[in-house]
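Asker: Next comes run_14.txt, compact mmCIF, C-alpha atoms:
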# COMPACT_ATOMS: atom_id res chain seq x y z
CA MET A 242 135.45 91.47 115.94
CA SER A 243 139.02 90.38 115.21
CA SER A 244 141.63 89.98 117.95
CA SER A 245 145.38 89.74 118.11
CA GLY A 246 148.01 89.56 120.83
CA GLN A 247 151.73 89.42 121.47
CA GLY A 248 153.46 86.15 120.66
CA GLY A 249 154.98 83.94 123.36
CA PRO A 250 153.51 81.93 126.24
CA HIS A 251 151.36 83.81 128.74
CA SER A 252 149.55 82.66 131.83
CA LEU A 253 146.76 85.19 131.26
CA ALA A 254 144.46 85.79 128.31
CA PHE A 255 141.63 88.24 127.70
CA ARG A 256 138.18 87.10 126.56
CA VAL A 257 135.73 89.77 125.32
CA MET A 258 131.95 89.42 124.98
CA ARG A 259 129.72 92.19 123.83
CA LEU A 260 126.80 92.97 126.12
CA CYS A 261 123.61 93.71 124.23
CA LYS A 262 119.94 92.84 124.27
CA PRO A 263 118.87 89.33 123.28
CA SER A 264 116.63 88.65 120.30
CA PHE A 265 113.38 86.74 119.93
CA GLN A 266 113.50 83.11 118.85
CA VAL A 267 111.37 82.74 115.72
CA ASP A 268 109.80 79.40 114.79
CA SER A 269 110.88 77.97 111.44
CA ILE A 270 107.33 76.99 110.38
CA PRO A 271 106.43 79.63 107.77
CA LEU A 272 102.62 79.72 108.05
CA LEU A 273 100.03 78.47 110.53
CA LEU A 274 96.30 78.27 109.85
CA ASP A 275 93.25 78.48 112.07
CA PRO A 276 91.22 75.23 111.82
CA ALA A 277 88.01 77.25 111.53
CA ASP A 278 89.28 78.81 108.28
CA LEU A 279 89.69 75.32 106.77
CA LEU A 280 86.29 73.95 107.77
CA VAL A 281 83.83 76.84 107.71
CA GLY A 282 83.39 80.23 106.09
CA GLU A 283 83.48 83.69 107.63
CA ASP A 284 79.69 83.96 107.60
CA ILE A 285 79.14 81.12 110.12
CA PHE A 286 78.88 83.68 112.93
CA ASP A 287 75.94 85.28 111.14
CA GLU A 288 73.88 82.20 112.11
CA PRO A 289 73.70 81.79 115.92
CA VAL A 290 72.70 78.13 115.71
CA ALA A 291 75.61 77.21 113.42
CA ALA A 292 78.07 79.23 115.48
CA ALA A 293 77.03 77.31 118.60
CA GLN A 294 78.00 74.02 116.91
CA LEU A 295 81.47 75.28 115.86
CA PRO A 296 83.40 74.12 118.99
CA ARG A 297 82.04 70.57 118.68
CA LEU A 298 82.87 70.51 114.96
CA LEU A 299 86.46 71.60 115.59
CA ASP A 300 86.96 69.11 118.45
CA THR A 301 85.95 66.30 116.13
CA HIS A 302 88.69 67.15 113.59
CA VAL A 303 91.59 68.34 115.74
CA SER A 304 91.17 66.53 119.08
CA SER A 305 93.82 63.98 118.16
CA ALA A 306 96.43 66.58 117.05
CA ASP A 307 98.92 65.79 119.83
CA SER A 308 98.89 62.03 119.17
CA ASP A 309 98.63 62.10 115.39
CA PRO A 310 101.79 60.34 114.07
CA SER A 311 101.28 61.75 110.55
CA TYR A 312 101.66 65.40 111.77
CA ARG A 313 98.72 66.33 109.55
CA THR A 314 97.79 69.14 111.94
CA ARG A 315 101.26 70.61 112.44
CA PHE A 316 100.35 73.69 110.39
CA LEU A 317 97.21 74.46 112.43
CA LEU A 318 96.92 77.23 114.98
CA HIS A 319 96.25 75.69 118.39
CA HIS A 320 96.46 79.01 120.22
CA PRO A 321 95.96 82.59 118.91
CA SER A 322 99.45 83.59 120.08
CA ASP A 323 101.00 81.04 117.72
CA ALA A 324 100.15 83.34 114.78
CA ILE A 325 103.09 85.66 115.50
CA GLY A 326 105.60 82.82 115.06
CA LEU A 327 107.40 83.45 118.36
CA SER A 328 108.12 80.63 120.80
CA GLY A 329 108.39 82.91 123.82
CA LEU A 330 112.12 82.29 124.21
CA LEU A 331 114.97 84.82 123.94
CA VAL A 332 118.27 84.07 122.21
CA LEU A 333 121.57 85.49 123.42
CA PRO A 334 123.84 87.07 120.78
CA GLN A 335 125.66 84.38 118.83
CA ALA A 336 128.13 86.80 117.20
CA PHE A 337 129.68 90.16 117.96
CA GLY A 338 127.20 91.86 115.62
CA ALA A 339 127.23 95.29 114.03
CA ILE A 340 128.08 98.43 116.00
CA TYR A 341 126.57 101.72 114.92
CA LEU A 342 127.36 105.36 115.49
CA GLY A 343 125.37 106.86 118.36
CA GLU A 344 125.11 103.61 120.34
CA THR A 345 126.79 102.75 123.65
CA PHE A 346 129.37 100.00 123.22
CA CYS A 347 129.24 97.78 126.31
CA SER A 348 131.60 94.85 126.74
CA TYR A 349 132.12 92.14 129.35
CA ILE A 350 135.84 91.40 129.62
CA SER A 351 137.30 88.41 131.46
CA ILE A 352 141.02 87.88 132.08
CA ASN A 353 141.63 84.16 132.61
CA ASN A 354 144.54 82.38 134.25
CA SER A 355 145.02 79.20 132.21
CA SER A 356 148.24 78.16 133.98
CA ASN A 357 148.75 75.80 136.92
CA PHE A 358 150.07 78.46 139.25
CA GLU A 359 148.90 81.75 140.72
CA VAL A 360 149.78 85.12 139.16
CA ARG A 361 150.11 88.23 141.30
CA ASP A 362 150.11 92.06 141.16
CA ILE A 363 148.07 92.35 137.95
CA THR A 364 147.71 95.84 136.51
CA ILE A 365 144.90 95.89 133.94
CA LYS A 366 144.20 98.60 131.41
CA ALA A 367 141.43 98.82 128.78
CA GLU A 368 141.45 101.56 126.13
CA MET A 369 139.39 102.45 123.07
CA GLN A 370 141.51 103.59 120.15
CA THR A 371 140.04 105.36 117.13
CA GLU A 372 141.56 107.22 114.21
CA ARG A 373 141.44 110.48 116.20
CA GLN A 374 141.93 109.60 119.86
CA ARG A 375 142.68 106.99 122.51
CA LEU A 376 140.41 106.87 125.57
CA VAL A 377 141.06 104.99 128.82
CA LEU A 378 138.02 102.91 129.81
CA LEU A 379 139.51 101.13 132.82
CA GLU A 380 142.86 101.23 134.64
CA THR A 381 143.89 99.46 137.88
CA SER A 382 147.40 100.93 138.24
CA LYS A 383 146.47 102.62 141.54
CA SER A 384 144.86 99.45 142.94
CA PRO A 385 146.27 96.37 141.14
CA VAL A 386 144.49 93.03 141.38
CA GLU A 387 146.33 91.11 144.11
CA SER A 388 146.17 87.66 142.53
CA ILE A 389 144.32 85.34 140.18
CA ARG A 390 144.49 81.70 141.19
CA ALA A 391 145.22 78.88 138.77
CA GLY A 392 142.15 78.37 136.59
CA GLY A 393 140.54 81.53 137.98
CA ARG A 394 139.54 84.78 136.33
CA TYR A 395 138.91 88.47 136.93
CA ASP A 396 135.90 90.06 135.23
CA PHE A 397 134.92 93.67 134.53
CA ILE A 398 132.61 95.68 132.27
CA VAL A 399 133.53 98.70 130.14
CA GLU A 400 131.30 101.16 128.29
CA HIS A 401 132.00 103.67 125.53
CA ASP A 402 129.68 106.10 123.72
CA VAL A 403 130.42 105.61 120.03
CA LYS A 404 130.90 109.03 118.42
CA GLU A 405 133.16 108.23 115.46
CA LEU A 406 132.80 106.16 112.30
CA GLY A 407 135.34 103.70 110.98
CA ALA A 408 137.90 101.40 112.61
CA HIS A 409 137.95 101.03 116.40
CA THR A 410 140.33 98.96 118.51
CA LEU A 411 139.67 97.79 122.06
CA VAL A 412 143.16 97.57 123.56
CA CYS A 413 143.43 95.32 126.64
CA THR A 414 146.79 95.09 128.46
CA ALA A 415 147.94 93.32 131.61
CA LEU A 416 151.21 93.66 133.54
CA TYR A 417 151.68 90.81 136.03
CA ASN A 418 154.10 88.61 137.97
CA ASP A 419 154.25 85.06 136.63
CA GLY A 420 154.54 81.96 138.78
CA ASP A 421 158.36 82.13 138.72
CA GLY A 422 158.33 85.83 139.67
CA GLU A 423 159.01 87.13 136.15
CA ARG A 424 157.26 90.42 135.29
CA LYS A 425 155.32 89.99 132.01
CA TYR A 426 153.37 92.32 129.75
CA LEU A 427 150.33 91.04 127.81
CA PRO A 428 148.68 93.21 125.13
CA GLN A 429 145.61 92.07 123.19
CA PHE A 430 143.75 93.99 120.48
CA PHE A 431 140.11 93.54 119.49
CA LYS A 432 139.17 95.38 116.29
CA PHE A 433 135.74 96.27 114.95
CA ILE A 434 134.14 98.70 112.49
CA VAL A 435 131.54 101.32 113.40
CA ALA A 436 128.94 101.94 110.69
CA ASN A 437 126.42 104.72 110.19
CA PRO A 438 122.88 103.67 111.23
CA LEU A 439 121.13 106.59 109.56
CA SER A 440 121.58 108.94 106.66
CA VAL A 441 120.06 112.39 107.03
CA ARG A 442 119.43 114.37 103.85
CA THR A 443 118.24 117.96 104.16
CA LYS A 444 116.83 120.51 101.73
CA VAL A 445 116.28 124.19 102.44
CA ARG A 446 113.65 126.02 100.41
CA VAL A 447 112.57 129.65 100.58
CA VAL A 448 108.97 130.29 99.50
CA LYS A 449 107.82 133.91 99.55
CA GLU A 450 110.35 134.87 102.24
CA THR A 451 109.37 131.85 104.39
CA THR A 452 112.12 129.28 104.97
CA PHE A 453 111.29 125.56 105.06
CA LEU A 454 113.65 122.75 106.06
CA GLU A 455 112.95 119.22 104.82
CA ALA A 456 114.80 116.35 106.55
CA CYS A 457 114.76 112.80 105.16
CA ILE A 458 115.96 110.08 107.58
CA GLU A 459 116.84 106.65 106.16
CA ASN A 460 117.47 103.52 108.25
CA HIS A 461 120.60 101.59 107.17
CA THR A 462 120.49 98.97 109.94
CA LYS A 463 119.03 95.46 109.78
CA SER A 464 116.53 96.15 112.57
CA ASN A 465 113.59 98.49 112.94
CA LEU A 466 114.29 101.82 114.62
CA TYR A 467 111.74 103.60 116.77
CA MET A 468 112.30 107.36 116.78
CA ASP A 469 111.83 108.78 120.29
CA GLN A 470 112.83 112.27 119.20
CA VAL A 471 113.64 114.06 115.97
CA GLU A 472 114.02 117.66 117.05
CA PHE A 473 115.44 120.62 115.19
CA GLU A 474 117.46 122.94 117.41
CA PRO A 475 117.48 126.31 115.63
CA ALA A 476 120.31 128.79 115.78
CA GLY A 477 119.91 131.87 117.98
CA ASN A 478 118.19 134.06 115.40
CA TRP A 479 115.73 131.36 114.25
CA GLY A 480 112.64 129.64 115.61
CA ALA A 481 111.33 126.31 114.30
CA LYS A 482 107.89 124.73 113.99
CA LEU A 483 107.32 121.11 112.96
CA LEU A 484 104.60 120.88 110.31
CA LYS A 485 102.34 117.84 110.64
CA ALA A 486 99.57 116.48 108.46
CA ASP A 487 97.16 116.10 111.40
CA GLU A 488 97.29 119.66 112.75
CA HIS A 489 93.56 120.02 112.06
CA HIS A 490 92.75 117.62 114.94
CA SER A 491 91.14 119.02 118.09
CA GLU A 492 93.32 120.94 120.54
CA THR A 493 92.56 118.48 123.36
CA LYS A 494 93.65 115.53 121.28
CA SER A 495 96.82 117.30 120.17
CA GLN A 496 97.79 118.04 123.79
CA THR A 497 97.21 114.42 124.74
CA ARG A 498 99.37 113.17 121.86
CA GLU A 499 102.19 115.53 122.84
CA THR A 500 102.09 114.21 126.42
CA PHE A 501 101.99 110.54 125.39
CA LYS A 502 103.84 110.66 122.10
CA PRO A 503 104.26 107.21 120.53
CA PRO A 504 107.59 106.45 118.83
CA ILE A 505 107.76 106.68 115.05
CA LEU A 506 108.78 103.49 113.26
CA ILE A 507 111.42 103.56 110.52
CA ARG A 508 111.69 100.08 109.05
CA SER A 509 114.94 98.20 108.61
CA SER A 510 117.14 98.17 105.50
CA GLY A 511 116.10 101.39 103.81
CA GLY A 512 112.98 102.61 105.63
CA ILE A 513 112.45 106.38 105.24
CA ARG A 514 110.73 109.08 107.27
CA ASN A 515 110.38 112.73 106.22
CA TYR A 516 110.09 115.77 108.48
CA LEU A 517 109.20 119.33 107.49
CA TYR A 518 110.02 122.39 109.60
CA GLN A 519 108.98 125.98 109.11
CA LEU A 520 111.75 128.33 110.22
CA ILE A 521 110.85 131.74 111.60
CA SER A 522 113.49 134.44 111.74
CA HIS A 523 113.70 136.39 115.01
CA GLY A 524 116.19 138.87 113.62
CA SER A 525 114.14 140.63 110.93
CA ALA A 526 114.58 143.97 112.67
CA GLN A 527 118.34 143.56 112.93
CA PRO A 528 120.81 144.49 110.20
CA LYS A 529 121.66 141.56 107.95
CA VAL A 530 125.15 140.09 108.27
CA GLU A 531 126.86 139.01 105.11
CA GLY A 532 128.18 135.43 104.99
CA SER A 533 127.00 131.96 105.89
CA ASN A 534 123.46 131.46 107.17
CA ILE A 535 123.46 128.86 109.98
CA LEU A 536 119.97 127.47 110.57
CA GLY A 537 120.60 124.92 113.34
CA LYS A 538 121.05 121.17 113.81
CA LEU A 539 118.97 118.02 114.28
CA GLN A 540 118.91 115.95 117.48
CA ILE A 541 117.83 112.34 116.82
CA THR A 542 117.23 109.64 119.46
CA TRP A 543 115.88 106.16 118.84
CA ARG A 544 115.48 102.66 120.24
CA THR A 545 115.75 99.24 118.63
CA ASN A 546 113.23 96.37 118.87
CA LEU A 547 114.23 95.51 122.43
CA GLY A 548 114.86 99.03 123.65
CA GLU A 549 118.57 99.63 123.09
CA PRO A 550 119.03 103.42 122.80
CA GLY A 551 120.92 105.44 120.20
CA ARG A 552 121.55 109.13 119.70
CA LEU A 553 122.91 111.27 116.86
CA GLN A 554 123.41 114.96 116.29
CA THR A 555 123.90 116.38 112.81
CA GLN A 556 126.35 119.05 111.86
CA GLN A 557 125.12 122.62 111.50
CA ILE A 558 122.62 122.89 108.64
CA MET A 559 123.32 125.84 106.38
CA GLY A 560 120.78 127.95 104.59
CA THR A 561 121.25 130.07 101.50
CA PRO A 562 124.26 132.37 102.03
CA ILE A 563 123.19 135.90 102.86
CA THR A 564 124.29 138.51 100.35
CA ARG A 565 124.42 141.97 101.82
CA LYS A 566 122.43 144.60 99.97
CA ASP A 567 122.97 148.26 100.77
CA ILE A 568 119.64 149.30 99.25
CA GLU A 569 116.77 146.84 98.83
CA LEU A 570 113.45 147.35 97.07
CA GLN A 571 110.68 145.21 98.59
CA VAL A 572 107.06 144.50 97.69
CA VAL A 573 104.55 145.32 100.43
CA GLU A 574 101.26 144.62 98.64
CA ILE A 575 100.00 143.69 95.17
CA PRO A 576 96.33 144.42 94.37
CA SER A 577 94.25 141.27 94.05
CA ASP A 578 91.85 142.76 91.49
CA ILE A 579 93.54 144.25 88.41
CA LYS A 580 91.44 145.33 85.42
CA LEU A 581 92.49 145.77 81.81
CA GLU A 582 93.60 149.33 80.97
CA ARG A 583 92.61 150.53 84.45
CA PRO A 584 95.28 152.12 86.69
CA PHE A 585 96.30 150.18 89.81
CA SER A 586 98.72 150.94 92.64
CA LEU A 587 101.68 148.74 93.63
CA HIS A 588 102.75 149.23 97.26
CA LEU A 589 106.58 149.15 97.59
CA LYS A 590 109.21 149.85 100.26
CA LEU A 591 112.73 151.20 99.76
CA ALA A 592 114.97 150.00 102.64
CA ASN A 593 118.44 151.23 103.60
CA GLU A 594 120.36 148.27 105.15
CA THR A 595 123.50 150.27 106.02
CA ASP A 596 124.61 152.43 108.95
CA LYS A 597 124.71 155.66 106.93
CA ASP A 598 122.26 157.82 104.98
CA PHE A 599 121.84 157.19 101.24
CA GLY A 600 120.16 159.14 98.48
CA PRO A 601 118.50 160.80 96.73
CA PHE A 602 116.94 158.02 94.61
CA GLU A 603 114.97 157.56 91.41
CA VAL A 604 112.59 154.65 90.76
CA PHE A 605 111.61 153.80 87.18
CA LEU A 606 110.87 150.96 84.76
CA SER A 607 114.03 149.97 82.88
CA GLN A 608 113.85 148.70 79.33
CA ASP A 609 114.68 145.03 78.62
CA ASP A 610 117.30 144.02 76.11
CA SER A 611 114.54 142.40 74.09
CA ARG A 612 112.53 144.61 71.77
CA GLU A 613 109.20 143.30 73.03
CA GLU A 614 106.82 145.99 74.20
CA LYS A 615 106.10 146.01 77.96
CA VAL A 616 102.62 144.82 78.91
CA VAL A 617 102.62 146.61 82.29
CA VAL A 618 103.78 150.24 82.20
CA ILE A 619 103.85 153.25 84.51
CA ASN A 620 100.73 155.39 84.51
CA GLY A 621 101.79 159.04 84.83
CA LEU A 622 105.27 160.32 85.63
CA GLN A 623 107.82 157.79 84.38
CA THR A 624 110.30 158.47 87.19
CA MET A 625 109.67 158.85 90.93
CA VAL A 626 112.23 160.88 92.95
CA PHE A 627 112.91 160.38 96.69
CA PRO A 628 115.12 162.27 99.13
CA SER A 629 117.73 160.52 101.25
CA VAL A 630 116.78 157.43 103.31
CA GLU A 631 118.31 157.39 106.79
CA ALA A 632 120.51 154.59 108.15
CA PHE A 633 118.57 151.34 108.68
CA GLY A 634 115.46 153.24 107.69
CA SER A 635 112.89 152.71 104.95
CA LYS A 636 110.35 154.63 102.88
CA ASP A 637 106.99 153.31 101.68
CA PHE A 638 105.56 154.53 98.39
CA HIS A 639 103.03 153.58 95.70
CA LEU A 640 103.87 153.10 92.03
CA ASN A 641 100.96 153.71 89.64
CA LEU A 642 100.83 151.14 86.82
CA ILE A 643 98.48 150.07 84.04
CA ALA A 644 98.15 146.70 82.24
CA THR A 645 97.52 146.54 78.49
CA LYS A 646 96.84 142.79 78.00
CA LEU A 647 94.57 140.17 79.60
CA GLY A 648 95.64 137.07 81.51
CA VAL A 649 98.74 136.31 83.56
CA GLN A 650 101.31 139.05 83.01
CA ARG A 651 104.65 140.05 84.50
CA ILE A 652 105.76 143.34 86.01
CA THR A 653 109.43 143.61 85.08
CA GLY A 654 112.31 146.04 85.38
CA ILE A 655 111.43 148.15 88.44
CA THR A 656 114.84 149.72 89.14
CA VAL A 657 116.37 152.01 91.81
CA LEU A 658 119.08 154.56 90.91
CA ASN A 659 121.22 156.49 93.40
CA THR A 660 121.49 159.84 91.67
CA MET A 661 124.30 161.05 93.95
CA GLU A 662 126.61 158.09 93.19
CA LYS A 663 125.12 157.34 89.75
CA LYS A 664 124.72 153.73 90.94
CA SER A 665 121.94 151.42 89.82
CA TYR A 666 120.87 148.59 92.15
CA ASP A 667 119.48 145.17 91.27
CA PRO A 668 115.96 145.45 89.85
CA LEU A 669 113.00 144.07 91.73
CA PRO A 670 112.38 140.39 90.84
CA ASP A 671 109.60 139.89 88.30
CA LEU A 672 106.07 139.92 89.73
CA GLU A 673 103.17 137.93 88.30
CA ILE A 674 99.67 139.45 88.17
CA PHE A 675 96.34 138.41 86.67
CA VAL A 676 94.62 140.98 84.47
CA ASP A 677 90.86 140.60 84.06
CA LEU A 678 88.16 142.39 82.07
CA ASP A 679 86.31 145.23 83.69
Show me this structure written as structure tokens.
Answerer:
Amino acid sequence: MSSSGQGGPHSLAFRVMRLCKPSFQVDSIPLLLDPADLLVGEDIFDEPVAAAQLPRLLDTHVSSADSDPSYRTRFLLHHPSDAIGLSGLLVLPQAFGAIYLGETFCSYISINNSSNFEVRDITIKAEMQTERQRLVLLETSKSPVESIRAGGRYDFIVEHDVKELGAHTLVCTALYNDGDGERKYLPQFFKFIVANPLSVRTKVRVVKETTFLEACIENHTKSNLYMDQVEFEPAGNWGAKLLKADEHHSETKSQTRETFKPPILIRSSGGIRNYLYQLISHGSAQPKVEGSNILGKLQITWRTNLGEPGRLQTQQIMGTPITRKDIELQVVEIPSDIKLERPFSLHLKLANETDKDFGPFEVFLSQDDSREEKVVVINGLQTMVFPSVEAFGSKDFHLNLIATKLGVQRITGITVLNTMEKKSYDPLPDLEIFVDLD
């Protein structure tokens, strides 16, 4: 954090200290060894007699560790807890440190009187200034501090939920009467940068009319983050289900894990965690609205190593833009068993997505631009005729086809024509089938 103030002599001065959790003190010795690993093998406990002699053997070699002037045993483990390399002490922050989006900035501010006389009627104001706004954190204009004696101080704590990236300035001002009665104004500025702790990358995929949302969360901080919650809040016409790899576990165990859900660790400096959601549309019976397709947003909460909380909310996640179709041809069912040169029936549905009646219609197989002969053709009448389809209504029908080649084949070019308007709609996407011998 950098600070600056107005030039000229002042009796008062602001001192700012960030309030945050301490850190563990880590011993500098890189590796400690258990004496038993140096003297005996792992199989000593397989022999009860030899295992019984182990304490006496160790006492003979390490009993003089505390008085050994050569420090030959300084790399030995004298207690199992020494293996983690922590002394048991906590260290207060030695620097201002990094501030991340989603955290709560908490600061201890002290205004000190370094003069030899008392100052009176002090009006203190603390503000947080960002690129977009300026927020008042503390103001004593309605109840000014009566006095601060020579060498004394006045302390207070301010908090601010960090919701913006980039440059921030903590503006501290004081208006006071000096020892000679002169009214003085003291501004001081403490600047710092807010960084992004996480990056959230999303992908939306549609597989056979089912929408999946993949979210990849990457940790950009220098400490481990423990995810308390990564929850997708769907938009009004969607529902969401988190897909997990262990869904096959017993129902009782799953309920217990939901009640006592352990946090998920994302390691420091680039650790990644992926989440997969299945989105279920609740508006399938409603008419489709053309335009953007808002799916929802992610709510993310976490804690650091010593429990400091953080919270982020993503912007609205967009799906594939919806293109309005007046008339849509949909597949209801494809036969699973298709034989070579044997007729089969393809179950289709013709849907009217508008608020008025349309029709009549013709359904047929259009010819490709290529001169290749179609492998799957219509069996019987080449064109099917339908009367009008009412508003927001649909009509199911079966199209009789026959396959002329073995293996994986494509059904292509199923087209709908509005005979009244002489308008042809987009053909049905290609369908893959497997043709087997009889």
Asker: Which residues come within 6 Å of range 558-560 of chain A, counting only C-alpha atoms, excluding same-chain residues fewer than 2 positions away, as a PyMOL selection string?
Answerer: chain A and resi 534-538
Asker: Find the distance between CA of Phe633 in chain A and CA of Phe602 in chain A and write it in Å to one decimal.
Answerer: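 Spanning CA of Phe633 in chain A to CA of Phe602 in chain A is a straight-line distance of 15.7 Å.
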Asker: In Å to one decimal, how far is CA of Thr555 in chain A from CA of Ile434 in chain A?
Answerer: 20.4 Å
Asker: What's the separation between CA of Ser264 in chain A and CA of Asn460 in chain A, in Å to one decimal place?
Answerer: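 Rounded to one decimal, the two atoms are 19.2 Å apart.
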Asker: May I ask which of the residues A:Leu658, A:Leu587, A:Asn620, A:Glu594 is the closest one to Ser607 in chain A, counting all atoms listed in the file?
Answerer: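 When distances to Ser607 in chain A are compared using all atoms listed in the file, the smallest one comes from A:Leu658.
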Asker: Do a neighbour search on Met625 in chain A at 7 Å with all atoms listed in the file, toss out local chain neighbours closer than 3 positions, and write the hits as a PDB file with C-alpha atoms, in the coordinates of the input.
Answerer:
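File written: part.pdb
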ATOM      1  CA  GLU A 603     114.970 157.560  91.410  1.00  0.00           C
ATOM      2  CA  VAL A 604     112.590 154.650  90.760  1.00  0.00           C
ATOM      3  CA  PHE A 605     111.610 153.800  87.180  1.00  0.00           C
TER       4      PHE A 605
END
Asker: Which polymer residues have any atom within 7 Å of an atom of Cys413 in chain A, counting all atoms listed in the file, with same-chain residues fewer than 3 positions away left out, as a PyMOL selection string?
Answerer: chain A and resi 366-368+428-430
Asker: Have a look at A:Lys432, A:Arg373, A:Arg361, A:Lys664 and name the one nearest to Val257 in chain A; count all atoms listed in the file.
Answerer: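 Looking at the shortest contact to Val257 in chain A, the residue is A:Lys432.
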Asker: Which residue gives the smallest distance to Val447 in chain A among A:Leu672, A:Ile521, A:Ala254, A:Leu376, with only C-alpha atoms counted?
Answerer: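 Using only C-alpha atoms, Val447 in chain A sits closest to A:Ile521.
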Asker: Within 10 Å of (115.3, 109.4, 114.1) (coordinates as in the file), grab all the protein and nucleic acid residues, counting only C-alpha atoms, and write them out as JSON, numbers by chain.
Answerer: {"A": [438, 439, 440, 441, 457, 458, 459, 460, 466, 467, 468, 469, 470, 471, 472, 504, 505, 506, 507, 513, 514, 515, 516, 539, 540, 541, 542, 543, 544, 551, 552, 553]}
Asker: Please identify all polymer residues within 10 Å of Asp596 in chain A, counting only C-alpha atoms, omitting same-chain residues fewer than 5 positions from it, and present them as a list in words.
Answerer: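 Skipping anything fewer than 5 positions along the chain leaves Pro528, Asp567, Glu631, Ala632, Phe633 and Gly634 of chain A.
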Asker: Pick the closest to Phe453 in chain A from A:Lys502, A:Thr410, A:Ser356, A:Thr561: which is it, counting all atoms listed in the file?
Answerer: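 Counting all atoms listed in the file, the residue closest to Phe453 in chain A is A:Thr561.
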Asker: Which residues are close to Leu642 in chain A, i.e. within 6 Å by all atoms listed in the file, leaving aside same-chain residues fewer than 4 positions away? Reply as an NGL selection string.
Answerer: :A and (584-585 or 618-620)
